[in-house]
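Engineer: So here's my_file_32.txt, just compact mmCIF, C-alpha atoms:
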```txt
# COMPACT_ATOMS: atom_id res chain seq x y z
CA MET A 20 136.16 86.31 126.50
CA ASN A 21 137.21 83.34 128.60
CA ALA A 22 138.34 80.64 126.14
CA ASN A 23 137.50 77.87 128.64
CA ARG A 24 133.82 78.74 128.87
CA PHE A 25 131.06 78.16 126.37
CA ARG A 26 128.82 81.18 125.88
CA PHE A 27 125.19 81.19 124.78
CA ARG A 28 122.47 83.66 124.03
CA ALA A 29 118.76 82.93 123.62
CA TRP A 30 116.04 84.58 121.56
CA ASP A 31 112.65 84.61 123.24
CA ASP A 32 110.33 84.27 120.27
CA SER A 33 107.28 84.99 122.44
CA ASP A 34 108.58 88.29 123.85
CA GLN A 35 110.83 89.15 120.86
CA MET A 36 113.87 89.74 123.11
CA MET A 37 117.49 88.54 123.08
CA TYR A 38 119.14 87.42 126.33
CA TYR A 39 122.90 87.00 126.66
CA ASP A 40 125.04 84.76 128.88
CA VAL A 41 122.13 82.39 129.43
CA GLN A 42 124.62 79.65 130.35
CA LEU A 43 124.59 81.44 133.73
CA GLY A 44 120.78 81.47 133.84
CA ILE A 45 118.75 84.67 133.98
CA ASN A 46 116.62 86.52 136.50
CA PHE A 47 113.53 88.31 135.23
CA GLY A 48 112.20 91.55 136.70
CA ASP A 49 109.19 89.75 138.15
CA GLY A 50 111.45 87.57 140.32
CA SER A 51 111.26 84.43 138.20
CA GLU A 52 114.48 82.67 137.35
CA TYR A 53 115.65 80.44 134.52
CA SER A 54 118.45 77.95 134.80
CA PHE A 55 120.42 76.97 131.70
CA GLU A 56 118.66 73.60 131.60
CA ARG A 57 115.37 75.36 130.88
CA PHE A 58 116.87 76.86 127.71
CA LEU A 59 117.74 73.33 126.61
CA GLY A 60 114.07 72.38 126.49
CA ASN A 61 113.40 71.46 130.13
CA GLN A 62 110.69 74.08 130.52
CA ASP A 63 107.85 73.97 132.99
CA GLU A 64 104.40 73.10 131.70
CA GLY A 65 102.57 76.29 130.78
CA ASP A 66 105.76 78.26 130.13
CA TYR A 67 104.96 80.60 127.24
CA HIS A 68 108.55 81.48 126.32
CA GLY A 69 109.69 80.22 122.91
CA TRP A 70 113.44 79.94 123.39
CA ILE A 71 115.90 79.63 120.50
CA LEU A 72 119.38 78.91 121.86
CA MET A 73 122.51 80.11 120.01
CA GLN A 74 126.16 79.42 120.79
CA SER A 75 129.13 81.73 120.43
CA THR A 76 131.65 80.76 117.75
CA GLY A 77 134.46 81.88 120.05
CA LEU A 78 135.56 84.55 117.56
CA THR A 79 135.08 88.29 117.27
CA ASP A 80 134.54 90.53 114.24
CA ARG A 81 136.83 93.38 113.17
CA ASN A 82 135.30 95.62 115.86
CA GLY A 83 135.83 93.09 118.65
CA VAL A 84 132.15 92.06 118.81
CA GLU A 85 131.56 88.41 119.67
CA VAL A 86 130.20 86.32 116.77
CA PHE A 87 127.20 84.09 117.59
CA GLU A 88 125.22 81.56 115.62
CA LYS A 89 122.54 83.27 113.47
CA ASP A 90 124.46 86.56 113.29
CA ILE A 91 124.33 88.33 109.95
CA VAL A 92 127.82 89.36 108.90
CA ARG A 93 129.15 91.45 106.04
CA CYS A 94 132.27 90.08 104.43
CA CYS A 95 134.11 92.53 102.20
CA ASN A 96 137.18 92.51 100.01
CA ASP A 97 138.46 94.93 97.38
CA THR A 98 135.75 94.10 94.84
CA LEU A 99 132.90 92.38 96.64
CA SER A 100 130.62 92.76 99.66
CA LYS A 101 128.42 89.83 100.67
CA LEU A 102 126.11 89.01 103.56
CA TYR A 103 126.34 85.68 105.35
CA VAL A 104 124.43 84.06 108.19
CA ILE A 105 126.61 82.24 110.73
CA GLU A 106 125.35 78.67 111.13
CA TRP A 107 126.45 75.31 112.48
CA TYR A 108 127.12 72.98 109.56
CA GLU A 109 126.48 69.54 111.03
CA TYR A 110 127.92 67.54 108.12
CA SER A 111 131.37 68.98 108.78
CA CYS A 112 130.90 69.71 112.48
CA GLY A 113 131.93 73.33 112.17
CA TRP A 114 130.73 76.93 112.02
CA CYS A 115 130.23 78.44 108.57
CA GLY A 116 128.90 81.58 106.97
CA THR A 117 126.12 80.77 104.51
CA GLU A 118 125.46 83.28 101.75
CA ARG A 119 121.84 84.36 101.56
CA THR A 120 120.70 85.76 98.22
CA GLU A 121 117.90 84.96 95.77
CA THR A 122 120.33 83.32 93.35
CA THR A 123 122.30 81.29 95.90
CA PRO A 124 120.09 80.41 98.87
CA GLN A 125 122.42 78.59 101.26
CA GLU A 126 124.73 77.51 98.42
CA GLU A 127 128.00 79.28 99.15
CA ARG A 128 129.71 78.76 102.50
CA PHE A 129 132.94 79.87 104.10
CA TRP A 130 134.36 78.33 107.25
CA VAL A 131 134.37 80.44 110.37
CA ARG A 132 137.86 79.22 111.22
CA ASN A 133 139.00 81.31 108.22
CA LEU A 134 137.39 84.49 109.54
CA ALA A 135 140.62 85.81 110.99
CA SER A 136 141.73 86.72 107.47
CA GLN A 137 138.37 88.26 106.47
CA PRO A 138 137.32 91.89 106.99
CA LEU A 139 134.13 90.72 108.72
CA GLN A 140 131.54 92.87 110.48
CA ILE A 141 128.43 91.80 112.39
CA ILE A 142 125.49 93.89 111.20
CA GLY A 143 122.68 92.11 113.04
CA ASN A 144 121.04 88.72 113.50
CA ILE A 145 118.21 86.88 111.77
CA TYR A 146 115.75 87.38 114.62
CA GLN A 147 116.12 91.09 115.35
CA ASN A 148 117.13 92.21 111.84
CA PRO A 149 115.56 89.92 109.19
CA GLU A 150 115.10 92.91 106.89
CA LEU A 151 118.88 93.07 106.38
CA LEU A 152 118.76 89.89 104.33
CA GLU A 153 115.86 91.14 102.22
CA ALA A 154 117.34 94.60 101.62
CA ASP A 155 120.63 93.24 100.33
CA GLN A 156 119.11 91.30 97.42
```
What is this file in structure tokens?

Structural biologist:
Amino acid sequence: MNANRFRFRAWDDSDQMMYYDVQLGINFGDGSEYSFERFLGNQDEGDYHGWILMQSTGLTDRNGVEVFEKDIVRCCNDTLSKLYVIEWYEYSCGWCGTERTETTPQEERFWVRNLASQPLQIIGNIYQNPELLEADQ
């Protein structure tokens, strides 16, 4: 990944599809095009797409897969395995993993900058794999 370039992906809630590298814009099969500005909310009137924009954290998991906002990651050590959702934590202006369980909904966080020392694996994201959060409880 080029460290000098911000990377984004977008979930189309209307079509239930994920698009990557939307900072470059995208071309649809029907010939229509989307510039990055349209993902930022500058959509044409009548546009039915429901875009949810997500930014890359700039890090990769233990398999070299790029970590994006709203990814579901498994963090394991010798005695514990937990699921976290990667989110932007505005109060500290940083990426964090927020634990999602019935007993601690969004209570426990770890900072993404500490991920290099964690055996972390992306297992999905909240839009395409919401069942992962339910199954782990």

Engineer: Using the file's own x, y and z axes, so that the box edges lie along x, y and z, what centre and edge lengths in Å (one decimal) does a box around every listed atom of stretch 74-83 of chain A get when 8 Å is added on each side? Give it as lines of an AutoDock Vina configuration file.

Structural biologist:
```
center_x = 131.5
center_y = 87.5
center_z = 117.0
size_x = 26.7
size_y = 32.2
size_z = 23.6
```

Engineer: Give one line per residue of stretch 61-88 of chain A that approaches stretch 139-149 of chain A to at most 12 Å, naming the two atoms of the closest pair and their distance in Å to one decimal, counting only C-alpha atoms; sort by chain then ascending residue number and deliver it as JSON lines.

Structural biologist:
```
{"residue": "A:Trp70", "atom": "CA", "partner": "A:Tyr146", "partner_atom": "CA", "distance": 11.7}
{"residue": "A:Ile71", "atom": "CA", "partner": "A:Tyr146", "partner_atom": "CA", "distance": 9.7}
{"residue": "A:Leu72", "atom": "CA", "partner": "A:Tyr146", "partner_atom": "CA", "distance": 11.7}
{"residue": "A:Met73", "atom": "CA", "partner": "A:Asn144", "partner_atom": "CA", "distance": 10.9}
{"residue": "A:Leu78", "atom": "CA", "partner": "A:Leu139", "partner_atom": "CA", "distance": 10.9}
{"residue": "A:Thr79", "atom": "CA", "partner": "A:Gln140", "partner_atom": "CA", "distance": 8.9}
{"residue": "A:Asp80", "atom": "CA", "partner": "A:Gln140", "partner_atom": "CA", "distance": 5.3}
{"residue": "A:Arg81", "atom": "CA", "partner": "A:Leu139", "partner_atom": "CA", "distance": 5.8}
{"residue": "A:Asn82", "atom": "CA", "partner": "A:Gln140", "partner_atom": "CA", "distance": 7.1}
{"residue": "A:Gly83", "atom": "CA", "partner": "A:Gln140", "partner_atom": "CA", "distance": 9.2}
{"residue": "A:Val84", "atom": "CA", "partner": "A:Ile141", "partner_atom": "CA", "distance": 7.4}
{"residue": "A:Glu85", "atom": "CA", "partner": "A:Ile141", "partner_atom": "CA", "distance": 8.6}
{"residue": "A:Val86", "atom": "CA", "partner": "A:Ile141", "partner_atom": "CA", "distance": 7.2}
{"residue": "A:Phe87", "atom": "CA", "partner": "A:Asn144", "partner_atom": "CA", "distance": 8.7}
{"residue": "A:Glu88", "atom": "CA", "partner": "A:Asn144", "partner_atom": "CA", "distance": 8.6}
```

Engineer: Would you mind telling me which residue in A:Asp32, A:Asp40, A:Phe58, A:Glu106 lies nearest to A:Val92 when using all atoms listed in the file?

Structural biologist: A:Glu106

Engineer: May I ask which of the residues A:Leu152, A:Asp34, A:Arg26, A:Lys89 is the closest one to A:Lys101, counting all atoms listed in the file?

Structural biologist: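 So, comparing all the options, the nearest one is A:Leu152.
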
Engineer: Report the distance between atom CA of A:Phe55 and atom CA of A:Cys115 in Å, rounded to one decimal place.

Structural biologist: 25.2 Å

Engineer: Could you check the closest approach to A:Gly69 for each of A:Glu52, A:Ile105, A:Ile91, A:Arg57 and tell me which residue wins, using only C-alpha atoms?

Structural biologist: A:Arg57

Engineer: Write out as a ChimeraX atom specification each polymer residue whose atoms come within 12 Å of A:Ile45, counting all atoms listed in the file; drop sequence neighbours fewer than 3 positions from it.

Structural biologist: /A:27-29,37-42,48-58

Engineer: Give the answer as one residue: which of A:Gln74, A:Asp63, A:Cys95, A:Pro138 has the shortest atom-to-atom distance to A:Trp107, using all atoms listed in the file?

Structural biologist: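 Once distances to A:Trp107 are computed over all atoms listed in the file, the minimum belongs to A:Gln74.
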
Engineer: Report the distance between atom CA of A:Asp66 and atom CA of A:Asp31 in Å, rounded to one decimal place.

Structural biologist: 11.6 Å

Engineer: Measure the distance from atom CA of A:Gln62 to atom CA of A:Thr76 in Å and round it to one decimal.

Structural biologist: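 Taking atom CA of A:Gln62 and atom CA of A:Thr76, their separation equals 25.4 Å.
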
Engineer: Could you write stretch 58-85 of chain A as a PDB file, in the frame of the given file, with N, CA and C atoms rebuilt where they are missing?

Structural biologist:
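The file below, out18.pdb, is the result:
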```
ATOM      1  N   PHE A  58     116.655  76.431 129.091  1.00  0.00           N
ATOM      2  CA  PHE A  58     116.870  76.860 127.710  1.00  0.00           C
ATOM      3  C   PHE A  58     117.110  75.663 126.793  1.00  0.00           C
ATOM      4  N   LEU A  59     117.489  74.547 127.377  1.00  0.00           N
ATOM      5  CA  LEU A  59     117.740  73.330 126.610  1.00  0.00           C
ATOM      6  C   LEU A  59     116.473  72.514 126.373  1.00  0.00           C
ATOM      7  N   GLY A  60     115.335  73.059 126.747  1.00  0.00           N
ATOM      8  CA  GLY A  60     114.070  72.380 126.490  1.00  0.00           C
ATOM      9  C   GLY A  60     113.398  71.809 127.713  1.00  0.00           C
ATOM     10  N   ASN A  61     113.990  71.968 128.881  1.00  0.00           N
ATOM     11  CA  ASN A  61     113.400  71.460 130.130  1.00  0.00           C
ATOM     12  C   ASN A  61     112.541  72.539 130.771  1.00  0.00           C
ATOM     13  N   GLN A  62     111.544  73.012 130.032  1.00  0.00           N
ATOM     14  CA  GLN A  62     110.690  74.080 130.520  1.00  0.00           C
ATOM     15  C   GLN A  62     109.525  73.517 131.328  1.00  0.00           C
ATOM     16  N   ASP A  63     109.024  74.349 132.212  1.00  0.00           N
ATOM     17  CA  ASP A  63     107.850  73.970 132.990  1.00  0.00           C
ATOM     18  C   ASP A  63     106.620  73.976 132.100  1.00  0.00           C
ATOM     19  N   GLU A  64     105.660  73.122 132.434  1.00  0.00           N
ATOM     20  CA  GLU A  64     104.400  73.100 131.700  1.00  0.00           C
ATOM     21  C   GLU A  64     103.723  74.463 131.834  1.00  0.00           C
ATOM     22  N   GLY A  65     103.222  74.983 130.755  1.00  0.00           N
ATOM     23  CA  GLY A  65     102.570  76.290 130.780  1.00  0.00           C
ATOM     24  C   GLY A  65     103.503  77.447 130.544  1.00  0.00           C
ATOM     25  N   ASP A  66     104.798  77.195 130.410  1.00  0.00           N
ATOM     26  CA  ASP A  66     105.760  78.260 130.130  1.00  0.00           C
ATOM     27  C   ASP A  66     105.526  78.763 128.710  1.00  0.00           C
ATOM     28  N   TYR A  67     105.293  80.048 128.558  1.00  0.00           N
ATOM     29  CA  TYR A  67     104.960  80.600 127.240  1.00  0.00           C
ATOM     30  C   TYR A  67     106.172  81.028 126.440  1.00  0.00           C
ATOM     31  N   HIS A  68     107.363  81.045 127.043  1.00  0.00           N
ATOM     32  CA  HIS A  68     108.550  81.480 126.320  1.00  0.00           C
ATOM     33  C   HIS A  68     108.880  80.511 125.192  1.00  0.00           C
ATOM     34  N   GLY A  69     109.274  81.044 124.050  1.00  0.00           N
ATOM     35  CA  GLY A  69     109.690  80.220 122.910  1.00  0.00           C
ATOM     36  C   GLY A  69     111.171  80.416 122.669  1.00  0.00           C
ATOM     37  N   TRP A  70     112.005  79.713 123.403  1.00  0.00           N
ATOM     38  CA  TRP A  70     113.440  79.940 123.390  1.00  0.00           C
ATOM     39  C   TRP A  70     114.117  79.334 122.163  1.00  0.00           C
ATOM     40  N   ILE A  71     115.027  80.111 121.570  1.00  0.00           N
ATOM     41  CA  ILE A  71     115.900  79.630 120.500  1.00  0.00           C
ATOM     42  C   ILE A  71     117.320  79.893 120.989  1.00  0.00           C
ATOM     43  N   LEU A  72     118.046  78.832 121.267  1.00  0.00           N
ATOM     44  CA  LEU A  72     119.380  78.910 121.860  1.00  0.00           C
ATOM     45  C   LEU A  72     120.439  79.027 120.764  1.00  0.00           C
ATOM     46  N   MET A  73     121.418  79.907 120.961  1.00  0.00           N
ATOM     47  CA  MET A  73     122.510  80.110 120.010  1.00  0.00           C
ATOM     48  C   MET A  73     123.835  80.133 120.744  1.00  0.00           C
ATOM     49  N   GLN A  74     124.838  79.497 120.169  1.00  0.00           N
ATOM     50  CA  GLN A  74     126.160  79.420 120.790  1.00  0.00           C
ATOM     51  C   GLN A  74     127.120  80.413 120.154  1.00  0.00           C
ATOM     52  N   SER A  75     128.052  80.892 120.943  1.00  0.00           N
ATOM     53  CA  SER A  75     129.130  81.730 120.430  1.00  0.00           C
ATOM     54  C   SER A  75     130.084  80.875 119.610  1.00  0.00           C
ATOM     55  N   THR A  76     130.648  81.461 118.553  1.00  0.00           N
ATOM     56  CA  THR A  76     131.650  80.760 117.750  1.00  0.00           C
ATOM     57  C   THR A  76     133.020  80.816 118.410  1.00  0.00           C
ATOM     58  N   GLY A  77     133.174  81.699 119.402  1.00  0.00           N
ATOM     59  CA  GLY A  77     134.460  81.880 120.050  1.00  0.00           C
ATOM     60  C   GLY A  77     135.331  82.923 119.364  1.00  0.00           C
ATOM     61  N   LEU A  78     134.816  83.535 118.298  1.00  0.00           N
ATOM     62  CA  LEU A  78     135.560  84.550 117.560  1.00  0.00           C
ATOM     63  C   LEU A  78     134.892  85.907 117.680  1.00  0.00           C
ATOM     64  N   THR A  79     135.624  86.938 117.294  1.00  0.00           N
ATOM     65  CA  THR A  79     135.080  88.290 117.270  1.00  0.00           C
ATOM     66  C   THR A  79     135.244  88.870 115.863  1.00  0.00           C
ATOM     67  N   ASP A  80     134.425  89.872 115.541  1.00  0.00           N
ATOM     68  CA  ASP A  80     134.540  90.530 114.240  1.00  0.00           C
ATOM     69  C   ASP A  80     135.620  91.603 114.298  1.00  0.00           C
ATOM     70  N   ARG A  81     135.751  92.382 113.241  1.00  0.00           N
ATOM     71  CA  ARG A  81     136.830  93.380 113.170  1.00  0.00           C
ATOM     72  C   ARG A  81     136.702  94.488 114.212  1.00  0.00           C
ATOM     73  N   ASN A  82     135.516  94.623 114.820  1.00  0.00           N
ATOM     74  CA  ASN A  82     135.300  95.620 115.860  1.00  0.00           C
ATOM     75  C   ASN A  82     135.367  95.027 117.268  1.00  0.00           C
ATOM     76  N   GLY A  83     135.724  93.746 117.354  1.00  0.00           N
ATOM     77  CA  GLY A  83     135.830  93.090 118.650  1.00  0.00           C
ATOM     78  C   GLY A  83     134.519  92.575 119.200  1.00  0.00           C
ATOM     79  N   VAL A  84     133.467  92.546 118.372  1.00  0.00           N
ATOM     80  CA  VAL A  84     132.150  92.060 118.810  1.00  0.00           C
ATOM     81  C   VAL A  84     132.106  90.545 118.645  1.00  0.00           C
ATOM     82  N   GLU A  85     131.634  89.868 119.671  1.00  0.00           N
ATOM     83  CA  GLU A  85     131.560  88.410 119.670  1.00  0.00           C
ATOM     84  C   GLU A  85     130.588  87.899 118.605  1.00  0.00           C
TER      85      GLU A  85
END
```
